[in-house]
Amino acid sequence: MSIGKRLKIGLINSAFRVVAVLIIVMSLYIAIGRQLVSKVDDYTATIQNLLSKELQIDLEIGSLEGAWEGFGPKLYIQGLKLGQEFEVGSVEITPALLSSFIQGRFVAANILFSDIRVMVTKTDPDGGWSLADLIVKSGGNEAEETAGVSVKQVFDQLQPLLVQDKLELMNLSIILALENTTPLIMQIENAALDSVYDTKKLSLSGWVFSGHQTANIEMVAELDQWSDAPGGRVYLSQQYFDWSDWVQFLPESLGLSRLSTDMELWLTLDGGKVTNIRSRLDVPEFEISKDQRKLSLQDIHTEVTIELDDQETVAWLNDVQFQYRGMQWKNSMHQVYWGENGFEMLSNRLDVGLLSALGKVFTDNPALAGLSPTGRLLNSRVVWQPEAEPLDRLTIQGRFEGAEIAPWRGIPGLKGLGGYIDMTPGRGYVQILPSEAWLELPKVFGAPVYLSKTHGGLSWTWSQEDGLFLASDQLETEIAGIENLSFDFSV
């Protein structure tokens, strides 16, 4: 027999021996594995204590079973409870044995949670929210001073779960139970979190409902550097839903009293922070209020782009449409900057009546309420500085047209003016361009007086103590039967 044939036969025999050894090892592995898995329920108390210590919350396991399927084990947990508010019907865990051996820690190929119920309730006046035995706070420092934990701490506690290869959720119910409101329920039918190296891919679908209203929700996300500072993209879609019953639990400074939304949202994350937001936003109803003063808008539509950093936030609102007091406002554009010192808005077109109504809600200025200015403000700049003196917090600059003010405390009403304005609630200056206007002074004239070719300058100051001071260095107009009138006055 030649050397080549002997070598070939030797290789074949070696291969058969290796296969035979592998079969024997696999048989022993499966036989031993079946025996060990079948006794996993003996360790229920040990695993329960381990998980309670790891998550730092009281945890109860109803039953624990093991089974062998194919070439690997599966674990089944039934009746998992965290306090009275967090219940999981069943958990199915498929270990990734090779990955666990290589990484030196437990890794699951798949974890499936089914029939989950979470009750969230408000527990204390300083903003705590109870999730089972946790009091969830928004800030980390608060958690050290109270019995609660911060949202970041909860996330950190869940890290061992989130690093698994795949997580699945079925029938997750999150119930938000707040005093004097109908419970808000978010039902997630299906959700999956897949790992591809250091990238997480998330998808979920479900709905949110309360009382007689229901809205579908969907979310898709792809995030990198998950465990450190995640970056990536998130998409969220939500059908029409009225949130008015729950806006009372938002910060009071927002002044929201009614809010309903229908939206699509795209988020970009970088280094663990949201850096860009794009949204198609429809708000059928929106209302802000303060001390019984209200402002309501209907049928709001806009496309929003927001860029965020540590110093300021910049937003662009395109194709803004809304309904205010029965009038439809369409196709305006706005750029907004805001930060710690307030906000600034640049606009191609604004409704003066809307700005006036907004000022009346937040400042309770009697002059603003009495004069009730209306009209259109073009190519404008609006600045809000909350730390300034009350009468200097709001600044409005721009060109106006179709302006109108009502007669108030001896001040004549005017209608149809156009020009330029630079004002705050406490002081201001108006340059009137040649306009065809109407003057209304009920105690002097029985009917409004037509003013032709009205132009000039007008300034004012206002204070609670001294009232309104009105002055003009030159104001000219024409009235029927009088060729020209020129004023130089202060009141």
# chains A, B, ... in the order shown; residues from 1 in each chain; ligands from 1

$ select_by_dssp --residues "stretch 322-484 of chain A" --states "helix (DSSP H, G or I)" --output "ChimeraX atom specification"
/A:352-363,366-371,390-392

$ residues_around --residues "A:Asp319" --least-positions-apart "2" --cutoff "6 Å" --atoms "only C-alpha atoms" --output "list in words"
Thr302, Asn331 and Ser332 of chain A

$ select_by_dssp --residues "stretch 244-479 of chain A" --states "strand (DSSP E)" --output "MDAnalysis selection string"
chainID A and resid 256:270 273:290 293:308 313:324 327:339 342:351 374:384 394:405 413:424 427:440 449:463 467:479

$ atom_distance --atom1 "atom CA of A:Ile77" --atom2 "atom CA of A:Val91"
4.9 Å

$ atom_distance --atom1 "atom CA of A:Asp299" --atom2 "atom CA of A:Glu285"
6.4 Å

$ residues_around --residues "A:Thr313" --least-positions-apart "6" --cutoff "10 Å" --atoms "only C-alpha atoms" --output "count of residues only"
10

$ residues_around --residues "stretch 454-462 of chain A" --least-positions-apart "6" --cutoff "7 Å" --atoms "only C-alpha atoms" --output "list in words"
Gly426, Arg427, Gly428, Tyr429, Val430, Gln431, Ile432, Leu433, Pro434, Ser435, Glu436, Ala437, Leu468, Phe469, Leu470, Ala471, Ser472, Asp473, Gln474, Leu475, Glu476, Thr477 and Glu478 of chain A
